[in-house]
file model_8.pdb (PDB, C-alpha atoms)
ATOM      1  CA  GLU N  43      12.053 -21.214  -4.634
ATOM      2  CA  MET N  44      12.302 -17.577  -3.502
ATOM      3  CA  THR N  45       9.099 -15.574  -3.085
ATOM      4  CA  PRO N  46       8.826 -12.188  -4.897
ATOM      5  CA  SER N  47       9.322 -10.488  -1.531
ATOM      6  CA  GLU N  48      12.547 -12.432  -0.899
ATOM      7  CA  ILE N  49      13.809 -11.591  -4.401
ATOM      8  CA  SER N  50      13.137  -7.875  -3.752
ATOM      9  CA  TRP N  51      14.975  -8.073  -0.443
ATOM     10  CA  ASP N  52      17.912  -9.795  -2.101
ATOM     11  CA  ARG N  53      18.113  -7.113  -4.801
ATOM     12  CA  GLY N  54      17.842  -4.316  -2.260
ATOM     13  CA  VAL N  55      20.691  -5.771  -0.193
ATOM     14  CA  THR N  56      22.870  -6.106  -3.331
ATOM     15  CA  LEU N  57      22.320  -2.433  -4.256
ATOM     16  CA  ALA N  58      22.831  -1.224  -0.682
ATOM     17  CA  LYS N  59      26.143  -3.102  -0.469
ATOM     18  CA  GLN N  60      27.215  -1.566  -3.794
ATOM     19  CA  THR N  61      26.351   1.891  -2.450
ATOM     20  CA  ILE N  62      28.500   1.341   0.636
ATOM     21  CA  ASP N  63      31.399  -0.086  -1.413
ATOM     22  CA  ASN N  64      31.290   2.835  -3.870
ATOM     23  CA  TYR N  65      31.288   5.345  -1.042
ATOM     24  CA  ARG N  66      34.196   3.691   0.750
ATOM     25  CA  LYS N  67      36.265   3.586  -2.459
ATOM     26  CA  LEU N  68      35.742   7.315  -3.003
ATOM     27  CA  HIS N  69      36.141   8.376   0.648
ATOM     28  CA  LYS N  70      39.233   6.601   2.024
ATOM     29  CA  GLY N  71      37.386   3.644   3.509
ATOM     30  CA  GLN N  72      34.851   5.750   5.432
ATOM     31  CA  TYR N  73      31.229   4.601   5.692
ATOM     32  CA  PRO N  74      28.472   7.048   4.731
ATOM     33  CA  LYS N  75      26.678   8.545   7.738
ATOM     34  CA  LYS N  76      23.309   8.947   6.034
ATOM     35  CA  VAL N  77      21.743   7.949   2.704
ATOM     36  CA  ALA N  78      18.724   9.752   1.210
ATOM     37  CA  TYR N  79      16.206   7.789  -0.885
ATOM     38  CA  THR N  80      13.419   8.842  -3.212
ATOM     39  CA  PHE N  81      10.370   6.536  -3.100
ATOM     40  CA  TRP N  82       8.185   6.460  -6.229
ATOM     41  CA  SER N  83       5.001   4.431  -6.541
ATOM     42  CA  SER N  84       5.700   3.087 -10.064
ATOM     43  CA  GLU N  85       9.043   1.703  -8.901
ATOM     44  CA  PHE N  86       7.486   0.291  -5.705
ATOM     45  CA  ILE N  87       4.892  -1.641  -7.745
ATOM     46  CA  GLU N  88       7.217  -2.789 -10.521
ATOM     47  CA  THR N  89      10.009  -4.003  -8.193
ATOM     48  CA  GLU N  90       7.858  -5.005  -5.189
ATOM     49  CA  GLY N  91       9.722  -2.690  -2.862
ATOM     50  CA  VAL N  92      13.434  -2.799  -3.728
ATOM     51  CA  SER N  93      14.008   0.795  -2.554
ATOM     52  CA  ILE N  94      12.463   0.018   0.832
ATOM     53  CA  ALA N  95      14.717  -3.041   1.063
ATOM     54  CA  GLN N  96      17.778  -0.835   0.431
ATOM     55  CA  ALA N  97      16.769   1.603   3.171
ATOM     56  CA  LEU N  98      16.035  -1.167   5.690
ATOM     57  CA  TYR N  99      19.337  -2.888   5.025
ATOM     58  CA  MET N 100      21.232   0.405   5.505
ATOM     59  CA  LEU N 101      19.643   0.611   8.968
ATOM     60  CA  GLY N 102      20.584  -3.001   9.650
ATOM     61  CA  VAL N 103      16.987  -4.177   9.861
ATOM     62  CA  GLU N 104      15.294  -7.007   7.934
ATOM     63  CA  PRO N 105      11.687  -7.895   7.048
ATOM     64  CA  VAL N 106       9.533 -10.411   8.920
ATOM     65  CA  ARG N 107       7.029 -12.281   6.718
ATOM     66  CA  ASP N 108       3.739 -14.036   7.462
ATOM     67  CA  SER N 109       2.864 -17.525   6.182
ATOM     68  CA  PHE N 110       1.788 -15.992   2.826
ATOM     69  CA  GLY N 111       5.219 -14.382   2.372
ATOM     70  CA  ARG N 112       3.908 -10.849   3.011
ATOM     71  CA  VAL N 113       6.102  -8.438   4.959
ATOM     72  CA  VAL N 114       4.260  -7.708   8.207
ATOM     73  CA  ASP N 115       7.026  -6.544  10.539
ATOM     74  CA  VAL N 116      10.753  -5.841  10.859
ATOM     75  CA  ARG N 117      13.525  -7.095  13.150
ATOM     76  CA  LEU N 118      17.089  -6.044  13.913
ATOM     77  CA  ILE N 119      19.953  -7.752  12.143
ATOM     78  CA  PRO N 120      22.448  -8.418  14.979
ATOM     79  CA  SER N 121      25.474  -6.147  14.783
ATOM     80  CA  LYS N 122      27.857  -9.108  14.518
ATOM     81  CA  GLU N 123      25.939 -10.516  11.555
ATOM     82  CA  LEU N 124      25.702  -7.080   9.902
ATOM     83  CA  GLY N 125      29.469  -6.617  10.257
ATOM     84  CA  ARG N 126      29.440  -2.837   9.732
ATOM     85  CA  PRO N 127      28.032   0.390  11.217
ATOM     86  CA  ARG N 128      24.291   0.990  11.043
ATOM     87  CA  ILE N 129      23.801   3.761   8.457
ATOM     88  CA  ASP N 130      21.107   6.384   8.861
ATOM     89  CA  VAL N 131      18.528   7.129   6.148
ATOM     90  CA  VAL N 132      16.151   9.906   5.134
ATOM     91  CA  VAL N 133      13.316   9.395   2.651
ATOM     92  CA  GLN N 134      11.379  11.724   0.376
ATOM     93  CA  THR N 135       8.159  10.138  -0.793
ATOM     94  CA  SER N 136       6.220  11.102  -3.890
ATOM     95  CA  GLY N 137       2.528  11.903  -3.412
ATOM     96  CA  GLN N 138       1.409   8.702  -5.115
ATOM     97  CA  PHE N 139       3.665   6.500  -3.001
ATOM     98  CA  ARG N 140       2.371   8.251   0.127
ATOM     99  CA  ASP N 141      -1.241   7.521  -0.922
ATOM    100  CA  LEU N 142      -0.497   3.933  -1.844
ATOM    101  CA  ALA N 143       1.832   2.560   0.810
ATOM    102  CA  ALA N 144       1.375   4.270   4.173
ATOM    103  CA  SER N 145       1.853   0.973   6.054
ATOM    104  CA  ARG N 146       5.334   0.619   4.513
ATOM    105  CA  LEU N 147       6.284   4.110   5.676
ATOM    106  CA  PHE N 148       5.170   3.227   9.221
ATOM    107  CA  LEU N 149       7.328   0.080   9.067
ATOM    108  CA  LEU N 150      10.302   2.196   8.060
ATOM    109  CA  THR N 151       9.818   4.473  11.077
ATOM    110  CA  LYS N 152       9.635   1.386  13.284
ATOM    111  CA  ALA N 153      12.909   0.187  11.725
ATOM    112  CA  VAL N 154      14.564   3.550  12.460
ATOM    113  CA  GLU N 155      13.431   3.341  16.103
ATOM    114  CA  MET N 156      14.799  -0.206  16.406
ATOM    115  CA  ALA N 157      18.123   0.687  14.802
ATOM    116  CA  SER N 158      18.409   3.835  16.881
ATOM    117  CA  ASN N 159      17.946   1.860  20.112
ATOM    118  CA  ALA N 160      20.171  -1.066  19.087
ATOM    119  CA  GLU N 161      22.782  -1.939  21.691
ATOM    120  CA  ASP N 162      25.782  -2.241  19.371
ATOM    121  CA  ASN N 163      29.216  -1.694  20.788
ATOM    122  CA  LYS N 164      31.324  -3.257  18.053
ATOM    123  CA  PHE N 165      30.466  -0.780  15.268
ATOM    124  CA  GLU N 166      29.274   2.824  15.172
ATOM    125  CA  ASN N 167      25.538   3.376  15.169
ATOM    126  CA  GLN N 168      24.922   6.340  12.843
ATOM    127  CA  VAL N 169      21.141   5.957  13.296
ATOM    128  CA  ALA N 170      21.430   6.593  17.044
ATOM    129  CA  LYS N 171      23.779   9.519  16.343
ATOM    130  CA  GLY N 172      21.365  10.879  13.714
ATOM    131  CA  THR N 173      18.452  10.706  16.161
ATOM    132  CA  LEU N 174      20.399  12.654  18.772
ATOM    133  CA  GLU N 175      21.489  15.212  16.183
ATOM    134  CA  ILE N 176      17.865  15.804  15.059
ATOM    135  CA  GLU N 177      16.776  16.213  18.684
ATOM    136  CA  LYS N 178      19.595  18.692  19.344
ATOM    137  CA  GLN N 179      18.823  20.745  16.240
ATOM    138  CA  LEU N 180      15.105  20.914  16.996
ATOM    139  CA  VAL N 181      15.704  22.124  20.558
ATOM    140  CA  LYS N 182      18.105  24.722  19.167
ATOM    141  CA  ALA N 183      15.322  25.822  16.774
ATOM    142  CA  GLY N 184      12.998  26.395  19.734
ATOM    143  CA  VAL N 185      11.073  23.084  19.873
ATOM    144  CA  SER N 186      10.381  21.787  23.408
ATOM    145  CA  PRO N 187      12.747  18.964  24.499
ATOM    146  CA  LYS N 188       9.814  16.552  24.924
ATOM    147  CA  ARG N 189       8.496  17.283  21.424
ATOM    148  CA  ALA N 190      12.015  17.128  19.943
ATOM    149  CA  ARG N 191      12.501  13.663  21.422
ATOM    150  CA  GLU N 192       9.111  12.501  20.075
ATOM    151  CA  MET N 193      10.050  13.574  16.556
ATOM    152  CA  SER N 194      13.700  12.527  16.529
ATOM    153  CA  ASN N 195      13.007   9.151  14.862
ATOM    154  CA  TYR N 196      11.141  10.591  11.874
ATOM    155  CA  ARG N 197      12.912  10.153   8.547
ATOM    156  CA  VAL N 198      10.056  10.184   5.989
ATOM    157  CA  PHE N 199       8.986  13.448   4.334
ATOM    158  CA  GLY N 200       6.896  14.558   1.386
ATOM    159  CA  GLY N 201       4.530  17.186   0.023
ATOM    160  CA  GLN N 202       1.483  18.229   2.022
ATOM    161  CA  GLN N 203      -1.489  15.857   1.729
ATOM    162  CA  GLY N 204      -3.131  16.282  -1.694
ATOM    163  CA  ARG N 205       0.080  17.542  -3.303
ATOM    164  CA  TYR N 206       1.843  15.572  -6.044
ATOM    165  CA  ASP N 207       4.821  17.742  -6.965
ATOM    166  CA  THR N 208       7.631  19.454  -5.086
ATOM    167  CA  GLY N 209       6.217  22.886  -5.899
ATOM    168  CA  SER N 210       9.735  23.967  -6.823
ATOM    169  CA  LYS N 211      10.083  22.935 -10.475
ATOM    170  CA  GLU N 212       8.713  26.138 -11.969
ATOM    171  CA  GLN N 213      10.929  28.158  -9.638
ATOM    172  CA  MET N 214      14.018  26.125 -10.592
ATOM    173  CA  LEU N 215      13.400  26.636 -14.309
ATOM    174  CA  SER N 216      12.729  30.382 -14.069
ATOM    175  CA  GLY N 217      15.938  32.329 -13.617
ATOM    176  CA  ASP N 218      13.986  35.345 -12.377
ATOM    177  CA  LYS N 219      12.255  33.450  -9.534
ATOM    178  CA  TRP N 220      15.367  32.924  -7.404
ATOM    179  CA  GLN N 221      18.498  34.866  -6.513
ATOM    180  CA  SER N 222      20.608  32.035  -5.095
ATOM    181  CA  SER N 223      20.236  28.317  -4.510
ATOM    182  CA  LYS N 224      19.330  29.151  -0.906
ATOM    183  CA  ASP N 225      15.946  30.436  -2.173
ATOM    184  CA  ILE N 226      15.256  27.130  -3.931
ATOM    185  CA  ALA N 227      16.332  25.082  -0.893
ATOM    186  CA  GLN N 228      14.011  27.074   1.387
ATOM    187  CA  ASN N 229      11.106  26.531  -0.977
ATOM    188  CA  TYR N 230      11.922  22.827  -1.287
ATOM    189  CA  ILE N 231      12.092  22.332   2.498
ATOM    190  CA  HIS N 232       8.805  24.183   2.907
ATOM    191  CA  ASN N 233       7.004  22.206   0.176
ATOM    192  CA  MET N 234       8.467  18.756   0.881
ATOM    193  CA  GLY N 235       8.793  18.858   4.662
ATOM    194  CA  ALA N 236       5.506  17.253   5.777
ATOM    195  CA  LEU N 237       5.940  14.200   8.039
ATOM    196  CA  TYR N 238       4.850  10.759   6.822
ATOM    197  CA  GLY N 239       6.356   8.300   9.270
ATOM    198  CA  SER N 240       3.469   7.714  11.655
ATOM    199  CA  GLU N 241      -0.309   7.631  11.732
ATOM    200  CA  LYS N 242      -0.517  10.180  14.517
ATOM    201  CA  GLU N 243       1.604  12.819  12.730
ATOM    202  CA  TRP N 244       0.456  12.041   9.159
ATOM    203  CA  SER N 245       1.044  15.049   6.862
ATOM    204  CA  LYS N 246       2.001  17.324   9.743
ATOM    205  CA  TYR N 247       4.450  20.124   8.982
ATOM    206  CA  GLU N 248       6.876  20.958  11.763
ATOM    207  CA  GLU N 249       9.207  23.903  11.183
ATOM    208  CA  GLY N 250      12.858  22.846  11.107
ATOM    209  CA  MET N 251      12.180  19.106  11.093
ATOM    210  CA  PHE N 252      13.074  18.271   7.459
ATOM    211  CA  ARG N 253      16.190  20.448   7.621
ATOM    212  CA  ALA N 254      17.332  18.643  10.794
ATOM    213  CA  ALA N 255      16.700  15.228   9.224
ATOM    214  CA  LEU N 256      18.803  16.122   6.161
ATOM    215  CA  SER N 257      21.903  16.935   8.208
ATOM    216  CA  ASN N 258      24.919  14.658   7.575
ATOM    217  CA  THR N 259      23.469  13.240   4.334
ATOM    218  CA  ASP N 260      26.350  11.872   2.257
ATOM    219  CA  VAL N 261      24.600  10.006  -0.563
ATOM    220  CA  LEU N 262      21.410  10.434  -2.631
ATOM    221  CA  ILE N 263      19.657   7.571  -4.400
ATOM    222  CA  GLN N 264      16.921   7.659  -7.034
ATOM    223  CA  PRO N 265      15.425   4.372  -8.283
ATOM    224  CA  ARG N 266      15.413   3.544 -11.990
ATOM    225  CA  GLN N 267      13.505   0.438 -12.908
ATOM    226  CA  ASN N 268      12.400   0.725 -16.551
ATOM    227  CA  ASN N 269      13.465   2.102 -19.916
ATOM    228  CA  THR N 270      10.639   4.574 -20.460
ATOM    229  CA  TRP N 271      12.486   7.524 -18.906
ATOM    230  CA  GLY N 272      15.931   8.815 -18.029
ATOM    231  CA  ALA N 273      17.528  11.578 -15.968
ATOM    232  CA  LEU N 274      17.190  13.996 -18.918
ATOM    233  CA  SER N 275      13.920  12.943 -20.525
ATOM    234  CA  LEU N 276      11.796  13.166 -17.339
ATOM    235  CA  ASP N 277      11.618  16.433 -15.419
ATOM    236  CA  HIS N 278      10.600  14.720 -12.156
ATOM    237  CA  VAL N 279      14.146  13.368 -11.798
ATOM    238  CA  PHE N 280      15.818  16.762 -11.462
ATOM    239  CA  GLU N 281      12.737  17.992  -9.599
ATOM    240  CA  PHE N 282      12.884  15.339  -6.837
ATOM    241  CA  MET N 283      16.443  14.022  -6.864
ATOM    242  CA  GLY N 284      17.943  17.313  -8.027
ATOM    243  CA  GLY N 285      15.869  19.322  -5.559
ATOM    244  CA  MET N 286      17.003  17.047  -2.758
ATOM    245  CA  ASN N 287      20.622  17.350  -3.959
ATOM    246  CA  LEU N 288      20.569  21.153  -3.890
ATOM    247  CA  THR N 289      18.835  21.176  -0.488
ATOM    248  CA  VAL N 290      21.317  18.715   1.036
ATOM    249  CA  ARG N 291      24.170  20.868  -0.279
ATOM    250  CA  GLN N 292      22.540  23.924   1.280
ATOM    251  CA  VAL N 293      21.991  22.169   4.642
ATOM    252  CA  THR N 294      25.304  20.291   4.956
ATOM    253  CA  GLY N 295      27.612  22.614   3.023
ATOM    254  CA  LYS N 296      28.888  19.788   0.841
ATOM    255  CA  GLU N 297      27.955  18.126  -2.437
ATOM    256  CA  PRO N 298      26.421  14.656  -1.875
ATOM    257  CA  ASP N 299      27.319  11.645  -4.040
ATOM    258  CA  ALA N 300      24.287  11.002  -6.267
ATOM    259  CA  TYR N 301      23.309   7.709  -7.898
ATOM    260  CA  LEU N 302      20.502   6.143  -9.868
ATOM    261  CA  ALA N 303      19.843   2.651  -8.479
ATOM    262  CA  ASP N 304      19.620   1.067 -11.907
ATOM    263  CA  TYR N 305      17.875  -2.297 -11.921
ATOM    264  CA  ARG N 306      16.499  -2.254 -15.425
ATOM    265  CA  ASN N 307      18.642  -5.335 -16.077
ATOM    266  CA  HIS N 308      18.157  -7.767 -13.198
ATOM    267  CA  ASN N 309      21.332  -9.637 -14.115
ATOM    268  CA  ASN N 310      23.410  -6.481 -13.868
ATOM    269  CA  MET N 311      21.964  -4.185 -11.217
ATOM    270  CA  ARG N 312      24.205  -1.268 -10.432
ATOM    271  CA  MET N 313      24.536   2.108  -8.821
ATOM    272  CA  GLN N 314      25.084   4.574 -11.653
ATOM    273  CA  GLU N 315      26.395   8.043 -10.868
ATOM    274  CA  VAL N 316      23.919  10.683 -12.003
ATOM    275  CA  LYS N 317      26.623  12.393 -14.055
ATOM    276  CA  GLU N 318      27.240   9.175 -15.983
ATOM    277  CA  ALA N 319      23.498   8.601 -16.484
ATOM    278  CA  ILE N 320      23.138  12.114 -17.932
ATOM    279  CA  GLY N 321      26.230  11.647 -20.107
ATOM    280  CA  VAL N 322      24.999   8.345 -21.555
ATOM    281  CA  GLU N 323      21.516   9.694 -22.243
ATOM    282  CA  SER N 324      22.739  12.883 -23.906
ATOM    283  CA  ARG N 325      25.191  10.978 -26.126
ATOM    284  CA  THR N 326      22.556   8.494 -27.251
ATOM    285  CA  SER N 327      19.922  11.157 -27.925
ATOM    286  CA  MET N 328      20.645  14.904 -28.233
ATOM    287  CA  PHE N 329      24.192  14.371 -29.553
ATOM    288  CA  ASN N 330      23.503  11.285 -31.639
ATOM    289  CA  PRO N 331      23.189  12.015 -35.398
ATOM    290  CA  THR N 332      21.253   8.774 -36.047
ATOM    291  CA  TYR N 333      18.732   9.628 -33.313
ATOM    292  CA  LEU N 334      18.380  13.232 -34.507
ATOM    293  CA  LYS N 335      17.858  12.155 -38.121
ATOM    294  CA  GLU N 336      14.965   9.919 -37.065
ATOM    295  CA  GLN N 337      13.553  12.610 -34.772
ATOM    296  CA  MET N 338      13.450  15.083 -37.668
ATOM    297  CA  LYS N 339      10.765  12.931 -39.285
ATOM    298  CA  GLY N 340       8.599  13.467 -36.188
ATOM    299  CA  GLY N 341       7.886  17.167 -36.670
ATOM    300  CA  GLU N 342       6.845  19.373 -33.794
ATOM    301  CA  GLY N 343       6.151  16.493 -31.366
ATOM    302  CA  ALA N 344       9.760  15.358 -31.691
ATOM    303  CA  ALA N 345      11.002  18.945 -31.389
ATOM    304  CA  ALA N 346       9.054  19.313 -28.136
ATOM    305  CA  GLY N 347      10.827  16.209 -26.801
ATOM    306  CA  LEU N 348      14.212  17.757 -27.548
ATOM    307  CA  GLU N 349      13.137  21.052 -26.013
ATOM    308  CA  GLU N 350      12.160  19.136 -22.859
ATOM    309  CA  MET N 351      15.631  17.566 -22.670
ATOM    310  CA  VAL N 352      17.374  20.925 -23.005
ATOM    311  CA  LYS N 353      15.110  22.336 -20.288
ATOM    312  CA  ASN N 354      15.881  19.378 -18.002
ATOM    313  CA  THR N 355      19.614  19.841 -18.654
ATOM    314  CA  PHE N 356      19.196  23.373 -17.316
ATOM    315  CA  GLY N 357      17.319  21.927 -14.318
ATOM    316  CA  TRP N 358      20.356  19.783 -13.506
ATOM    317  CA  GLU N 359      22.694  22.743 -14.082
ATOM    318  CA  VAL N 360      20.850  24.521 -11.262
ATOM    319  CA  MET N 361      20.505  21.489  -8.959
ATOM    320  CA  LYS N 362      23.876  19.780  -9.415
ATOM    321  CA  PRO N 363      26.162  21.895 -11.625
ATOM    322  CA  GLU N 364      28.971  19.343 -11.605
ATOM    323  CA  ALA N 365      26.717  16.793 -13.345
ATOM    324  CA  ILE N 366      26.631  18.927 -16.504
ATOM    325  CA  ASP N 367      29.902  19.454 -18.385
ATOM    326  CA  ASN N 368      30.422  22.772 -20.172
ATOM    327  CA  GLU N 369      30.955  20.768 -23.361
ATOM    328  CA  MET N 370      27.251  19.857 -23.295
ATOM    329  CA  TRP N 371      26.228  23.517 -23.528
ATOM    330  CA  ASP N 372      28.956  24.279 -26.064
TER     331      ASP N 372
END

call {"tool": "encode", "arguments": {"input": "model_8.pdb", "output": "structure tokens"}}
result
Amino acid sequence: EMTPSEISWDRGVTLAKQTIDNYRKLHKGQYPKKVAYTFWSSEFIETEGVSIAQALYMLGVEPVRDSFGRVVDVRLIPSKELGRPRIDVVVQTSGQFRDLAASRLFLLTKAVEMASNAEDNKFENQVAKGTLEIEKQLVKAGVSPKRAREMSNYRVFGGQQGRYDTGSKEQMLSGDKWQSSKDIAQNYIHNMGALYGSEKEWSKYEEGMFRAALSNTDVLIQPRQNNTWGALSLDHVFEFMGGMNLTVRQVTGKEPDAYLADYRNHNNMRMQEVKEAIGVESRTSMFNPTYLKEQMKGGEGAAAGLEEMVKNTFGWEVMKPEAIDNEMWD
């Protein structure tokens, strides 16, 4: 009999492997260098930590449990057993997750340190490379070498303590509040760049740190664990995942692959490209005559729901233009 924690680990590993396979299919057998995750508290509670499991497995680290089955520590998966490069991660945490699960964020930082120091010679260690890259970029930005080394293992970022949004949504939706996507990226980095990987640096903002940690990000992942919302019906999806997408594009100069880790159906968990998720949701709602006919009975409340979806479609148009086909606007 598997414990809930073991089931979560199992699911996380399955989704992480899918992510790697998808990436390799699309990129001539290459492994991703770095994967960015969004941690939300509702998903953490409902799945008992599947997103954390995905991030740990990317690093090539596994949980250690006490006699009650609770995860109390982490250990390295030997390189031979892992059978692939260690892949770096970067995490944006929502405010509620930050308030709820600090100990898990500390564990993740410990896992990054372990992976970064792993003596693997058979496969590449992208975590070690990522740590060096962060250190290099911070020194270049004027941080002292000692301080740069201290911070080089941090991968967890979020809004300043007491903040529960990215502070960028209003800007994204107002065409007169930005000239180019660079303005939005700068705002996003400023609002979501506080450190949350250690007790000592909790909620500290260090100029240049978030930007350095985002370098080399190839893939973005947003969890999706229930049917109450979708990429178009909830503005937080384009706000967090979309904001991260635009910022990664700004920092790296290339468009990241973006997926919803969809485990609404535990028998068919899959990585769904954000473009497909948006396409499915728009076809079943905004462009579905049966749906619209029913909505028309709902009066202004239903109209507000549709307005919200159109607004969120614009949000995605700004954050990840390729996810929205011109046909949708037409």

call {"tool": "resolve_selection", "arguments": {"input": "model_8.pdb", "expression": "the PyMOL selection byres ((chain N and resi 96-103) around 6)", "output": "PDB file with C-alpha atoms, in the coordinates of the input"}}
result
ATOM      1  CA  GLY N  54      17.842  -4.316  -2.260  1.00  0.00           C
ATOM      2  CA  VAL N  55      20.691  -5.771  -0.193  1.00  0.00           C
ATOM      3  CA  ALA N  58      22.831  -1.224  -0.682  1.00  0.00           C
ATOM      4  CA  SER N  93      14.008   0.795  -2.554  1.00  0.00           C
ATOM      5  CA  ILE N  94      12.463   0.018   0.832  1.00  0.00           C
ATOM      6  CA  ALA N  95      14.717  -3.041   1.063  1.00  0.00           C
ATOM      7  CA  GLU N 104      15.294  -7.007   7.934  1.00  0.00           C
ATOM      8  CA  ARG N 117      13.525  -7.095  13.150  1.00  0.00           C
ATOM      9  CA  LEU N 118      17.089  -6.044  13.913  1.00  0.00           C
ATOM     10  CA  ILE N 119      19.953  -7.752  12.143  1.00  0.00           C
ATOM     11  CA  ARG N 128      24.291   0.990  11.043  1.00  0.00           C
ATOM     12  CA  ILE N 129      23.801   3.761   8.457  1.00  0.00           C
ATOM     13  CA  ASP N 130      21.107   6.384   8.861  1.00  0.00           C
TER      14      ASP N 130
END

call {"tool": "resolve_selection", "arguments": {"input": "model_8.pdb", "expression": "the PyMOL selection byres ((chain N and resi 194) around 10)", "output": "ChimeraX atom specification"}}
result
/N:154-155,158,170,172-180,189-193,195-197,251,254-255

call {"tool": "closest_residue", "arguments": {"input": "model_8.pdb", "among": "N:Met351, N:Met328, N:Leu262, N:Leu237", "to": "N:Arg140", "atoms": "only C-alpha atoms"}}
result
N:Leu237

call {"tool": "residues_around", "arguments": {"input": "model_8.pdb", "residues": "stretch 312-318 of chain N", "least_positions_apart": "3", "cutoff": "9 Å", "atoms": "only C-alpha atoms", "output": "list in words"}}
result
Thr56, Leu57, Ala58, Gln60, Thr61, Asn64, Ile263, Ala273, Asp299, Ala300, Tyr301, Leu302, Ala303, Asp304, Tyr305, Asn307, Gly321, Val322, Glu323, Glu364, Ala365, Ile366 and Asp367 of chain N

call {"tool": "write_last_selection", "arguments": {"input": "model_8.pdb", "atoms": "C-alpha atoms", "output": "mmCIF file, in the frame of the given file"}}
result
data_model
loop_
_atom_site.group_PDB
_atom_site.id
_atom_site.type_symbol
_atom_site.label_atom_id
_atom_site.label_comp_id
_atom_site.auth_asym_id
_atom_site.auth_seq_id
_atom_site.Cartn_x
_atom_site.Cartn_y
_atom_site.Cartn_z
ATOM 1 C CA THR N 56 22.870 -6.106 -3.331
ATOM 2 C CA LEU N 57 22.320 -2.433 -4.256
ATOM 3 C CA ALA N 58 22.831 -1.224 -0.682
ATOM 4 C CA GLN N 60 27.215 -1.566 -3.794
ATOM 5 C CA THR N 61 26.351 1.891 -2.450
ATOM 6 C CA ASN N 64 31.290 2.835 -3.870
ATOM 7 C CA ILE N 263 19.657 7.571 -4.400
ATOM 8 C CA ALA N 273 17.528 11.578 -15.968
ATOM 9 C CA ASP N 299 27.319 11.645 -4.040
ATOM 10 C CA ALA N 300 24.287 11.002 -6.267
ATOM 11 C CA TYR N 301 23.309 7.709 -7.898
ATOM 12 C CA LEU N 302 20.502 6.143 -9.868
ATOM 13 C CA ALA N 303 19.843 2.651 -8.479
ATOM 14 C CA ASP N 304 19.620 1.067 -11.907
ATOM 15 C CA TYR N 305 17.875 -2.297 -11.921
ATOM 16 C CA ASN N 307 18.642 -5.335 -16.077
ATOM 17 C CA GLY N 321 26.230 11.647 -20.107
ATOM 18 C CA VAL N 322 24.999 8.345 -21.555
ATOM 19 C CA GLU N 323 21.516 9.694 -22.243
ATOM 20 C CA GLU N 364 28.971 19.343 -11.605
ATOM 21 C CA ALA N 365 26.717 16.793 -13.345
ATOM 22 C CA ILE N 366 26.631 18.927 -16.504
ATOM 23 C CA ASP N 367 29.902 19.454 -18.385
#

call {"tool": "atom_distance", "arguments": {"input": "model_8.pdb", "atom1": "atom CA of N:Lys362", "atom2": "atom CA of N:Lys296"}}
result
11.4 Å

call {"tool": "atom_distance", "arguments": {"input": "model_8.pdb", "atom1": "atom CA of N:Pro46", "atom2": "atom CA of N:Tyr65"}}
result
28.8 Å

call {"tool": "closest_residue", "arguments": {"input": "model_8.pdb", "among": "N:His308, N:Lys211, N:Lys67, N:Lys75", "to": "N:Lys353", "atoms": "all atoms listed in the file"}}
result
N:Lys211

call {"tool": "resolve_selection", "arguments": {"input": "model_8.pdb", "expression": "the PyMOL selection byres ((chain N and resi 239) around 6)", "output": "PyMOL selection string"}}
result
chain N and resi 147-148+151+196+198+238+240

call {"tool": "axis_aligned_box", "arguments": {"input": "model_8.pdb", "around": "stretch 287-303 of chain N", "padding_each_side": "4 Å", "output": "lines of an AutoDock Vina configuration file"}}
result
center_x = 23.9
center_y = 13.3
center_z = -2.5
size_x = 18.1
size_y = 29.3
size_z = 22.8

call {"tool": "residues_around", "arguments": {"input": "model_8.pdb", "residues": "N:Val106", "least_positions_apart": "4", "cutoff": "8 Å", "atoms": "only C-alpha atoms", "output": "PyMOL selection string"}}
result
chain N and resi 113-117

call {"tool": "atom_distance", "arguments": {"input": "model_8.pdb", "atom1": "atom CA of N:Lys182", "atom2": "atom CA of N:Ala78"}}
result
23.4 Å
